[in-house]
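Text of protein-v3.txt (compact mmCIF, C-alpha atoms (C1' of nucleotides)) as supplied:
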# COMPACT_ATOMS: atom_id res chain seq x y z
CA MET A 1 -41.08 10.35 -4.09
CA GLU A 2 -40.03 12.49 -7.02
CA THR A 3 -38.17 10.90 -9.89
CA ILE A 4 -34.80 12.43 -10.67
CA VAL A 5 -34.04 12.61 -14.36
CA GLU A 6 -30.38 12.89 -15.24
CA SER A 7 -28.85 14.56 -18.24
CA SER A 8 -29.06 11.46 -20.43
CA GLY A 9 -32.83 11.61 -20.06
CA LEU A 10 -32.97 8.38 -18.10
CA PRO A 11 -34.12 8.23 -14.49
CA ALA A 12 -31.29 8.07 -11.94
CA ASP A 13 -31.10 4.44 -10.82
CA ALA A 14 -28.11 3.05 -8.99
CA PHE A 15 -29.17 -0.50 -9.86
CA SER A 16 -28.68 0.21 -13.54
CA ALA A 17 -25.14 -0.52 -14.70
CA LYS A 18 -24.98 2.40 -17.10
CA CYS A 19 -26.24 5.03 -14.70
CA PRO A 20 -23.49 7.48 -13.68
CA THR A 21 -24.81 7.16 -10.16
CA ARG A 22 -22.91 3.90 -10.01
CA GLN A 23 -19.57 5.58 -10.65
CA VAL A 24 -20.19 8.09 -7.92
CA LEU A 25 -21.26 5.36 -5.55
CA ASP A 26 -18.04 3.52 -6.34
CA HIS A 27 -16.04 6.62 -5.49
CA ILE A 28 -17.83 7.10 -2.22
CA ALA A 29 -17.26 3.44 -1.55
CA GLY A 30 -13.51 4.01 -1.84
CA LYS A 31 -11.41 3.09 1.15
CA TRP A 32 -10.73 6.66 2.31
CA THR A 33 -13.57 8.84 1.05
CA ILE A 34 -15.81 8.35 4.04
CA LEU A 35 -13.08 9.18 6.53
CA ILE A 36 -11.88 12.24 4.64
CA VAL A 37 -15.30 13.79 4.15
CA ASP A 38 -16.11 13.03 7.72
CA ALA A 39 -12.92 14.64 8.98
CA LEU A 40 -13.54 17.80 6.97
CA LEU A 41 -16.87 18.13 8.73
CA GLU A 42 -14.83 19.30 11.70
CA GLY A 43 -13.78 22.33 9.68
CA THR A 44 -11.03 23.58 7.39
CA MET A 45 -8.03 21.30 7.34
CA ARG A 46 -4.55 21.44 5.96
CA TYR A 47 -2.99 18.51 4.19
CA THR A 48 -0.94 17.47 7.20
CA ASP A 49 -3.92 17.87 9.49
CA LEU A 50 -5.77 15.30 7.45
CA ARG A 51 -2.81 12.93 7.49
CA ARG A 52 -2.73 13.09 11.24
CA ARG A 53 -6.47 12.83 11.68
CA ILE A 54 -6.84 9.79 9.45
CA GLU A 55 -4.55 7.15 10.80
CA GLY A 56 -2.89 4.93 8.25
CA VAL A 57 -3.57 6.90 5.08
CA SER A 58 -0.62 7.21 2.72
CA GLN A 59 0.39 10.44 1.00
CA LYS A 60 -0.54 9.01 -2.33
CA MET A 61 -4.03 7.91 -1.40
CA LEU A 62 -4.77 11.09 0.50
CA THR A 63 -3.81 13.25 -2.45
CA GLN A 64 -5.56 10.99 -4.92
CA THR A 65 -8.79 10.86 -2.99
CA LEU A 66 -8.76 14.61 -2.35
CA ARG A 67 -8.35 15.28 -6.08
CA SER A 68 -11.21 12.94 -6.83
CA LEU A 69 -13.41 14.68 -4.26
CA GLU A 70 -12.41 18.01 -5.76
CA ALA A 71 -13.36 16.88 -9.26
CA ASP A 72 -16.76 15.74 -8.05
CA GLY A 73 -17.34 19.12 -6.41
CA PHE A 74 -17.28 17.91 -2.82
CA VAL A 75 -14.23 19.80 -1.56
CA THR A 76 -12.35 22.97 -2.42
CA ARG A 77 -8.58 23.24 -2.46
CA THR A 78 -7.08 26.62 -1.58
CA VAL A 79 -3.40 27.28 -2.07
CA HIS A 80 -1.71 30.13 -0.21
CA PRO A 81 1.48 30.99 -2.08
CA THR A 82 3.52 31.55 1.05
CA ILE A 83 6.70 29.98 2.29
CA PRO A 84 6.21 27.40 3.58
CA PRO A 85 3.20 26.68 1.35
CA ARG A 86 -0.19 26.35 2.94
CA VAL A 87 -2.99 24.34 1.36
CA GLU A 88 -6.40 24.22 2.91
CA TYR A 89 -9.27 21.88 2.22
CA ASP A 90 -12.92 22.62 2.82
CA LEU A 91 -16.23 21.00 2.14
CA THR A 92 -18.40 22.69 -0.46
CA PRO A 93 -22.14 23.00 0.24
CA LEU A 94 -22.55 19.86 -1.86
CA GLY A 95 -19.86 18.19 0.23
CA HIS A 96 -21.63 19.16 3.44
CA SER A 97 -24.78 17.67 2.04
CA LEU A 98 -22.96 14.43 1.27
CA ALA A 99 -21.40 14.41 4.70
CA GLU A 100 -24.76 13.83 6.36
CA PRO A 101 -25.47 10.31 5.09
CA ILE A 102 -21.75 9.53 5.32
CA THR A 103 -21.49 10.51 8.96
CA ALA A 104 -24.62 8.53 9.65
CA LEU A 105 -22.93 5.49 8.15
CA ARG A 106 -19.73 5.86 10.16
CA GLN A 107 -21.67 6.44 13.35
CA TRP A 108 -23.88 3.46 12.68
CA THR A 109 -20.80 1.27 12.32
CA GLU A 110 -19.24 2.57 15.51
CA THR A 111 -22.49 2.06 17.36
CA HIS A 112 -23.05 -1.51 16.22
CA ILE A 113 -19.48 -2.75 16.14
CA ASN A 114 -20.02 -5.00 19.13
CA GLU A 115 -23.03 -6.73 17.60
CA ILE A 116 -21.06 -7.29 14.42
CA GLU A 117 -18.10 -8.78 16.23
CA GLN A 118 -20.43 -11.11 18.10
CA ALA A 119 -21.95 -12.27 14.82
CA ARG A 120 -18.46 -12.85 13.48
CA SER A 121 -17.35 -14.96 16.39
CA ARG A 122 -20.51 -17.02 16.05
CA ALA A 123 -19.85 -17.54 12.37
CA SER A 124 -16.38 -18.87 13.02
CA MET B 1 -23.45 11.54 22.60
CA GLU B 2 -22.69 8.29 24.36
CA THR B 3 -19.30 6.69 23.92
CA ILE B 4 -19.34 3.16 22.60
CA VAL B 5 -16.70 0.93 24.14
CA GLU B 6 -15.78 -2.10 22.10
CA SER B 7 -14.58 -5.44 23.38
CA SER B 8 -10.93 -4.42 23.37
CA GLY B 9 -11.79 -1.77 25.94
CA LEU B 10 -10.99 1.09 23.58
CA PRO B 11 -13.64 3.50 22.35
CA ALA B 12 -14.95 2.76 18.86
CA ASP B 13 -13.24 5.24 16.56
CA ALA B 14 -13.17 4.82 12.81
CA PHE B 15 -10.27 7.26 12.51
CA SER B 16 -8.05 4.92 14.48
CA ALA B 17 -6.24 2.44 12.27
CA LYS B 18 -6.50 -0.45 14.70
CA CYS B 19 -10.20 -0.10 15.44
CA PRO B 20 -12.25 -2.98 14.00
CA THR B 21 -14.73 -0.37 12.88
CA ARG B 22 -12.35 0.31 10.02
CA GLN B 23 -12.62 -3.23 8.71
CA VAL B 24 -16.39 -3.12 8.75
CA LEU B 25 -16.35 0.25 7.04
CA ASP B 26 -14.09 -1.24 4.37
CA HIS B 27 -16.58 -4.05 3.83
CA ILE B 28 -19.48 -1.69 3.54
CA ALA B 29 -17.39 0.37 1.18
CA GLY B 30 -17.08 -2.66 -1.08
CA LYS B 31 -18.32 -2.25 -4.62
CA TRP B 32 -21.51 -4.28 -4.22
CA THR B 33 -22.47 -4.19 -0.54
CA ILE B 34 -24.58 -1.06 -0.79
CA LEU B 35 -26.57 -2.30 -3.74
CA ILE B 36 -27.16 -5.76 -2.26
CA VAL B 37 -28.32 -4.55 1.14
CA ASP B 38 -30.47 -1.99 -0.56
CA ALA B 39 -32.03 -4.57 -2.86
CA LEU B 40 -32.84 -6.87 0.05
CA LEU B 41 -34.77 -4.04 1.63
CA GLU B 42 -37.45 -4.80 -0.96
CA GLY B 43 -37.93 -8.16 0.71
CA THR B 44 -36.79 -11.77 0.48
CA MET B 45 -34.82 -12.48 -2.63
CA ARG B 46 -33.49 -15.54 -4.35
CA TYR B 47 -29.99 -15.63 -5.73
CA THR B 48 -31.15 -15.12 -9.30
CA ASP B 49 -33.46 -12.31 -8.25
CA LEU B 50 -30.46 -10.44 -6.91
CA ARG B 51 -28.46 -11.06 -10.07
CA ARG B 52 -31.25 -9.56 -12.12
CA ARG B 53 -31.86 -6.66 -9.77
CA ILE B 54 -28.22 -5.60 -9.57
CA GLU B 55 -27.06 -5.05 -13.10
CA GLY B 56 -23.47 -5.96 -13.84
CA VAL B 57 -22.65 -8.04 -10.78
CA SER B 58 -20.78 -11.27 -11.49
CA GLN B 59 -21.69 -14.58 -9.91
CA LYS B 60 -18.45 -14.61 -8.02
CA MET B 61 -18.78 -11.21 -6.48
CA LEU B 62 -22.44 -11.70 -5.64
CA THR B 63 -21.71 -14.95 -3.81
CA GLN B 64 -18.62 -13.53 -2.16
CA THR B 65 -20.35 -10.40 -0.93
CA LEU B 66 -23.36 -12.34 0.30
CA ARG B 67 -21.09 -14.63 2.34
CA SER B 68 -19.34 -11.64 3.80
CA LEU B 69 -22.66 -10.05 4.73
CA GLU B 70 -23.74 -13.34 6.26
CA ALA B 71 -20.57 -13.55 8.37
CA ASP B 72 -21.13 -10.04 9.66
CA GLY B 73 -24.69 -10.92 10.62
CA PHE B 74 -26.42 -8.67 8.11
CA VAL B 75 -28.21 -11.32 6.04
CA THR B 76 -29.52 -14.85 6.49
CA ARG B 77 -29.21 -17.55 3.88
CA THR B 78 -31.94 -20.18 3.75
CA VAL B 79 -31.56 -23.28 1.61
CA HIS B 80 -34.65 -25.24 0.63
CA PRO B 81 -33.49 -28.74 -0.31
CA THR B 82 -35.92 -29.05 -3.18
CA ILE B 83 -35.38 -29.79 -6.83
CA PRO B 84 -34.54 -27.41 -8.29
CA PRO B 85 -32.82 -25.92 -5.23
CA ARG B 86 -34.09 -22.69 -3.80
CA VAL B 87 -31.93 -20.32 -1.81
CA GLU B 88 -33.42 -17.26 -0.20
CA TYR B 89 -31.69 -14.25 1.28
CA ASP B 90 -33.12 -11.95 3.93
CA LEU B 91 -31.95 -9.04 6.01
CA THR B 92 -31.52 -9.70 9.70
CA PRO B 93 -32.72 -7.03 12.16
CA LEU B 94 -29.11 -5.81 12.24
CA GLY B 95 -29.14 -5.75 8.45
CA HIS B 96 -32.34 -3.73 8.39
CA SER B 97 -30.72 -1.30 10.77
CA LEU B 98 -27.71 -0.96 8.49
CA ALA B 99 -29.96 -0.51 5.49
CA GLU B 100 -31.19 2.84 6.74
CA PRO B 101 -27.96 4.83 6.42
CA ILE B 102 -27.10 2.85 3.29
CA THR B 103 -30.34 3.68 1.55
CA ALA B 104 -29.88 7.29 2.56
CA LEU B 105 -26.51 7.27 0.84
CA ARG B 106 -27.79 5.73 -2.39
CA GLN B 107 -30.74 8.10 -2.49
CA TRP B 108 -28.49 11.06 -1.85
CA THR B 109 -26.34 10.08 -4.79
CA GLU B 110 -29.32 9.63 -7.09
CA THR B 111 -30.73 12.95 -5.98
CA HIS B 112 -27.53 14.94 -6.51
CA ILE B 113 -26.16 13.18 -9.57
CA ASN B 114 -26.83 16.15 -11.80
CA GLU B 115 -24.95 18.58 -9.56
CA ILE B 116 -22.03 16.18 -9.49
CA GLU B 117 -21.94 15.81 -13.26
CA GLN B 118 -21.99 19.58 -13.62
CA ALA B 119 -19.05 19.87 -11.25
CA ARG B 120 -17.22 17.25 -13.27
CA SER B 121 -17.73 18.97 -16.59
CA ARG B 122 -16.49 22.22 -15.04
CA ALA B 123 -13.41 20.45 -13.71
CA SER B 124 -12.46 19.13 -17.13
C1' DC C 1 -31.17 -23.26 -10.13
C1' DC C 2 -27.46 -22.18 -7.31
C1' DG C 3 -23.60 -22.12 -6.84
C1' DC C 4 -18.02 -23.44 -6.09
C1' DA C 5 -13.10 -23.76 -8.32
C1' DT C 6 -9.86 -22.05 -11.20
C1' DC C 7 -7.28 -19.00 -13.96
C1' DC C 8 -6.04 -14.47 -15.12
C1' DT C 9 -5.80 -9.43 -15.33
C1' DG C 10 -6.05 -4.76 -13.79
C1' DC C 11 -5.30 -1.48 -10.59
C1' DG C 12 -5.93 -0.11 -5.75
C1' DC C 13 -2.82 0.82 -2.66
C1' DG C 14 1.46 1.09 -0.02
C1' DA C 15 6.60 2.05 0.18
C1' DT C 16 10.13 4.78 -1.10
C1' DA C 17 12.57 8.52 -3.04
C1' DC C 18 12.73 13.11 -4.82
C1' DT C 19 11.09 18.44 -5.49
C1' DG C 20 9.49 23.74 -5.18
C1' DC D 1 4.86 21.89 3.97
C1' DA D 2 2.69 19.75 0.41
C1' DG D 3 3.08 17.45 -2.62
C1' DT D 4 4.96 14.53 -7.42
C1' DA D 5 7.22 10.22 -9.49
C1' DT D 6 8.06 5.51 -9.75
C1' DC D 7 7.96 0.69 -8.60
C1' DG D 8 5.82 -3.36 -7.30
C1' DC D 9 2.75 -6.33 -4.70
C1' DG D 10 -1.64 -8.21 -3.48
C1' DC D 11 -6.19 -8.71 -4.02
C1' DA D 12 -10.56 -7.25 -5.95
C1' DG D 13 -13.00 -8.70 -9.49
C1' DG D 14 -14.13 -10.70 -14.42
C1' DA D 15 -14.35 -15.00 -17.47
C1' DT D 16 -14.89 -19.65 -17.91
C1' DG D 17 -16.08 -24.26 -16.79
C1' DC D 18 -17.94 -27.94 -13.65
C1' DG D 19 -21.00 -30.03 -10.08
C1' DG D 20 -25.26 -31.16 -6.99
Step by step, read the file and then write its structure as C-alpha cells.
Amino acid sequence: METIVESSGLPADAFSAKCPTRQVLDHIAGKWTILIVDALLEGTMRYTDLRRRIEGVSQKMLTQTLRSLEADGFVTRTVHPTIPPRVEYDLTPLGHSLAEPITALRQWTETHINEIEQARSRAS
Amino acid sequence: METIVESSGLPADAFSAKCPTRQVLDHIAGKWTILIVDALLEGTMRYTDLRRRIEGVSQKMLTQTLRSLEADGFVTRTVHPTIPPRVEYDLTPLGHSLAEPITALRQWTETHINEIEQARSRAS
DNA sequence: CCGCATCCTGCGCGATACTG
DNA sequence: CAGTATCGCGCAGGATGCGG
C-alpha cells in the first residue's frame, strides 16, 4: 500500500477534514454524479440523450453536474457549431477510471436492493 | 449478467426514477455515509471513536446517518446498559458487502487526487 | 458517555420562463 | 437543440443546550 502525497505535502486522507479528497468525495456523492458518469460509460452522449437516459433529472442539475465533472477533468464537452447546435459529452481517461468504482457501487445497490428492502420493513 | 427483479416485479434499474434503488443510492451518496461505513471496516467502534475518526462530522449528522444505516440493515447498534453507557457500532454482513465498492471509491479518490487538482487548476 | 430536541441558515434542487 | 436566468421551497446540516 503506497502512500499518496498530495500537493500540500500531506498524505491524501479522506478522513481528514482539510484534505481536498473530501471535496471530491462530496462531489461524487452528489445526487446525479453517479448516474451521469455511469451513463457516459455507454459511450458519447448528447445533452438530450442524457436527459432521456437519466429519468427525473432537471435541466439545471444536469448542466450543473456536467460542468462540475468537466472542471474536475472527468468529462469533455465538445460543441459543434452547427444549426441546430450539437454538444457531445465523453468520459476522459480519468473519467473512465472513476467509472469503475462508481459502476460497481450502482451494480451493488441493484443487486442487493431486495435485502435492503427486507431490512427496512423489519425496521418499521 | 443476471437480471435482478425487485419486489415490485420490475427489474432493478437505477436510471429509472421510480426504482427504490435510487433512494438507496441517494442515501449512500449522503455526505457522511461513505466515511462512516469505511471507518467501521476497521472494526467495532463506539460513538466517540467515530466522531474522532471522521473529522468534521457533527453529532447530529453522525447520529442521523448511523440511524439511517441501521434502518437499511448496514450496521448494528449495541447498547451496554452500564455506567457510563457504552454504545458500539458494527457492520452487518450486508454492510461489509457494501463496504467493498465504497472503499474502492474512497481509495480511488485518494489515489487520483493530484490528477483532479491539476485538472481543476487548468480549468480556472 | 451518548445521545435527543430545538432553532436556524444555507443551498441543493426543482419549476418555470426565456435565448442563440 | 442546448442551454441560461430567476425564483422559491424544502431539507441537509451546523450550533447550542438538555437529559439519562
Just how far from atom CA of B:Val79 is atom CA of B:Asp26, in Å to one decimal?
28.3 Å
Tell me the residues of chain C close to chain A, meaning within 12 Å using all atoms listed in the file, as a PyMOL selection string.
chain C and resi 12-16+20
Same residues, C-alpha atoms (C1' of nucleotides), saved as a compact mmCIF listing (two decimals), keeping the file's coordinate frame:
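Below is the file that was written, part_37.txt:
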# COMPACT_ATOMS: atom_id res chain seq x y z
C1' DG C 12 -5.93 -0.11 -5.75
C1' DC C 13 -2.82 0.82 -2.66
C1' DG C 14 1.46 1.09 -0.02
C1' DA C 15 6.60 2.05 0.18
C1' DT C 16 10.13 4.78 -1.10
C1' DG C 20 9.49 23.74 -5.18
If we count only C-alpha atoms (C1' of nucleotides), what is near C:DG10 at a cut-off of 10 Å, once residues fewer than 2 positions away on the same chain are taken out, given as a ChimeraX atom specification?
/C:8,12 /D:12-13
Contact set, chain B to chain A: 8 Å, all atoms listed in the file, as JSON, numbers by chain
{"B": [4, 6, 7, 12, 13, 14, 15, 16, 17, 20, 21, 24, 25, 26, 28, 29, 30, 31, 35, 53, 54, 55, 56, 71, 72, 73, 98, 101, 102, 104, 105, 106, 108, 109, 110, 111, 113, 114, 116, 117, 119, 120, 123]}
Next, dump the selected residues to file, keeping only C-alpha atoms, as a short mmCIF file (atom, residue, chain, number, x, y, z; two decimals), in the frame of the given file.
data_model
loop_
_atom_site.label_atom_id
_atom_site.label_comp_id
_atom_site.auth_asym_id
_atom_site.auth_seq_id
_atom_site.Cartn_x
_atom_site.Cartn_y
_atom_site.Cartn_z
CA ILE B 4 -19.34 3.16 22.60
CA GLU B 6 -15.78 -2.10 22.10
CA SER B 7 -14.58 -5.44 23.38
CA ALA B 12 -14.95 2.76 18.86
CA ASP B 13 -13.24 5.24 16.56
CA ALA B 14 -13.17 4.82 12.81
CA PHE B 15 -10.27 7.26 12.51
CA SER B 16 -8.05 4.92 14.48
CA ALA B 17 -6.24 2.44 12.27
CA PRO B 20 -12.25 -2.98 14.00
CA THR B 21 -14.73 -0.37 12.88
CA VAL B 24 -16.39 -3.12 8.75
CA LEU B 25 -16.35 0.25 7.04
CA ASP B 26 -14.09 -1.24 4.37
CA ILE B 28 -19.48 -1.69 3.54
CA ALA B 29 -17.39 0.37 1.18
CA GLY B 30 -17.08 -2.66 -1.08
CA LYS B 31 -18.32 -2.25 -4.62
CA LEU B 35 -26.57 -2.30 -3.74
CA ARG B 53 -31.86 -6.66 -9.77
CA ILE B 54 -28.22 -5.60 -9.57
CA GLU B 55 -27.06 -5.05 -13.10
CA GLY B 56 -23.47 -5.96 -13.84
CA ALA B 71 -20.57 -13.55 8.37
CA ASP B 72 -21.13 -10.04 9.66
CA GLY B 73 -24.69 -10.92 10.62
CA LEU B 98 -27.71 -0.96 8.49
CA PRO B 101 -27.96 4.83 6.42
CA ILE B 102 -27.10 2.85 3.29
CA ALA B 104 -29.88 7.29 2.56
CA LEU B 105 -26.51 7.27 0.84
CA ARG B 106 -27.79 5.73 -2.39
CA TRP B 108 -28.49 11.06 -1.85
CA THR B 109 -26.34 10.08 -4.79
CA GLU B 110 -29.32 9.63 -7.09
CA THR B 111 -30.73 12.95 -5.98
CA ILE B 113 -26.16 13.18 -9.57
CA ASN B 114 -26.83 16.15 -11.80
CA ILE B 116 -22.03 16.18 -9.49
CA GLU B 117 -21.94 15.81 -13.26
CA ALA B 119 -19.05 19.87 -11.25
CA ARG B 120 -17.22 17.25 -13.27
CA ALA B 123 -13.41 20.45 -13.71
#
When the cut-off is 9 Å and we count all atoms listed in the file, which residues of chain A are near chain D, given as a ChimeraX atom specification?
/A:47-48,59,63,83-87
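Atom to atom, atom CA of A:Leu69 and atom CA of A:Asp49 stand 17.0 Å apart.
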Fewer than 6 positions away in the same chain doesn't count, so skip those; otherwise give me all residues within 8 Å of B:Met45, counting only C-alpha atoms (C1' of nucleotides), as a tab-separated table (two decimals) with C-alpha atoms, in the coordinates of the input.
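This went into result_24.tsv:
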chain	number	residue	atom	x	y	z
B	88	GLU	CA	-33.42	-17.26	-0.20
B	89	TYR	CA	-31.69	-14.25	1.28
B	90	ASP	CA	-33.12	-11.95	3.93
Please indicate the distance in Å from atom CA of B:Thr92 to atom CA of B:Thr76, rounded to one decimal place.
6.4 Å
With 4 Å of padding per side, what axis-aligned box (centre and edge lengths, Å, one decimal) covers all the listed atoms of stretch 89-96 of chain A? Give it as JSON.
{"center_x": -15.9, "center_y": 20.6, "center_z": 0.8, "size_x": 21.3, "size_y": 12.8, "size_z": 13.3}
